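Please read the structure below before turning to the comments.
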Amino acid sequence: MSILDRLKRDMIEATKARESERLGVIRFVRSEMKNRAIELGRDLKDEDALEVLARVAKRHREAIDQFGPAGRDDLVVREKASLAVVSQYLPEQLSEDEIFSLVKEAVAESGATSLREMGLVMKAVMPKMKGRADGKVVKAMVQKQLAGGEN
C-alpha cells in the first residue's frame, strides 16, 4: 500500500474515531503532498511522498527545538504529538552505526580529505539516507569523519 493510500485510509479512520489532532496532522500532510504534486506537475511517487514527510518532520523537530528553550511547553507537547503521527509514515530510522558506516563509505568514494569537501560527501550520502536519517546527525558525523575523528 502506498503512503498516499495509507494517509487516506488513516484520515478516514481518524475522522470516524474523532481523533481531531491526528486528523489535523494527516490533513496537513496530505495538503503538503498535494502542493508538491502541483509543483512537480505529476502524481507523487512514494519517493516524493517520503521527501514531503521528511520535510514536515524536520519542521516539527525545529519547532520543538525553538519552543523548548522559550518555555512554551504546551507547544512542545503539541509538536511532539504531531511529529509522532508523521513518524508513523516514515521508514525506520537508521541507527548511528549505520549512518556512520554510510558516511565512511561516502568519504572513501568521494576522496574527501578536509572539511572544505564536506559538500561532496553530503551530496553522496544524503540520497542513500532518503528520509531515514536526520540531516543534522549526518552533517555532524561527516564533520567528525573529515576532521579526523574515528577513522
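Chain labels A, B, ... are given in the sequence in which chains occur in the C-alpha cells; within each chain residues are numbered consecutively from 1, and ligands are likewise numbered from 1 in the order shown.
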Inset, instruction - Do a neighbour search on stretch 15-29 of chain A at 12 Å with only C-alpha atoms, toss out local chain neighbours closer than 3 positions, and write the hits as a ChimeraX atom specification. - result: /A:3-12,32-36,49-57,59-60,77-89
Legend entry - Between atom CA of A:Glu96 and atom CA of A:Lys123, distance in Å (one decimal):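 Straight-line distance from atom CA of A:Glu96 to atom CA of A:Lys123 works out to 18.8 Å.
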Legend entry - Separation of atom CA of A:Gly135 from atom CA of A:Lys58 in Å: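 Pair atom CA of A:Lys58 / atom CA of A:Gly135 returns 8.9 Å.
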Legend entry - Expected answer as a ChimeraX atom specification: helix (DSSP H, G or I) residues in chain A: /A:3-16,20-40,46-67,73-87,96-110,115-129,135-146
Legend entry - Within 9 Å of A:Phe100 using only C-alpha atoms, minus same-chain residues under 2 positions, as a VMD selection string: chain A and resid 95 to 98 102 to 105 138 141 to 142 145
Let's have the selection written as a compact mmCIF listing (two decimals), in the first residue's frame, with N, CA and C atoms.
# COMPACT_ATOMS: atom_id res chain seq x y z
N SER A 95 20.27 3.55 12.48
CA SER A 95 20.98 3.71 13.75
C SER A 95 22.23 4.54 13.49
N GLU A 96 22.86 5.01 14.57
CA GLU A 96 24.07 5.82 14.42
C GLU A 96 25.18 5.02 13.76
N ASP A 97 25.27 3.73 14.06
CA ASP A 97 26.29 2.88 13.45
C ASP A 97 26.09 2.76 11.94
N GLU A 98 24.82 2.60 11.54
CA GLU A 98 24.52 2.50 10.11
C GLU A 98 24.83 3.81 9.39
N LEU A 102 27.72 4.45 6.42
CA LEU A 102 27.39 5.08 5.14
C LEU A 102 28.23 6.34 4.92
N VAL A 103 28.45 7.10 5.99
CA VAL A 103 29.27 8.31 5.89
C VAL A 103 30.71 7.93 5.56
N LYS A 104 31.22 6.93 6.24
CA LYS A 104 32.60 6.48 6.00
C LYS A 104 32.77 6.02 4.54
N GLU A 105 31.77 5.30 4.06
CA GLU A 105 31.76 4.83 2.67
C GLU A 105 31.75 6.01 1.69
N VAL A 138 23.63 13.49 10.29
CA VAL A 138 24.53 13.12 9.20
C VAL A 138 25.62 14.16 9.05
N MET A 141 28.23 13.82 11.74
CA MET A 141 29.11 12.66 11.52
C MET A 141 30.09 12.90 10.38
N VAL A 142 29.63 13.57 9.33
CA VAL A 142 30.53 13.89 8.21
C VAL A 142 31.63 14.82 8.70
N GLN A 145 34.10 12.85 10.77
CA GLN A 145 34.90 11.97 9.93
C GLN A 145 35.96 12.76 9.17
Inset, instruction - Just give me the gap between atom CA of A:Val121 and atom CA of A:Ala37 in Å, one decimal is fine. - result: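 Distance reported for this atom pair: 29.3 Å.
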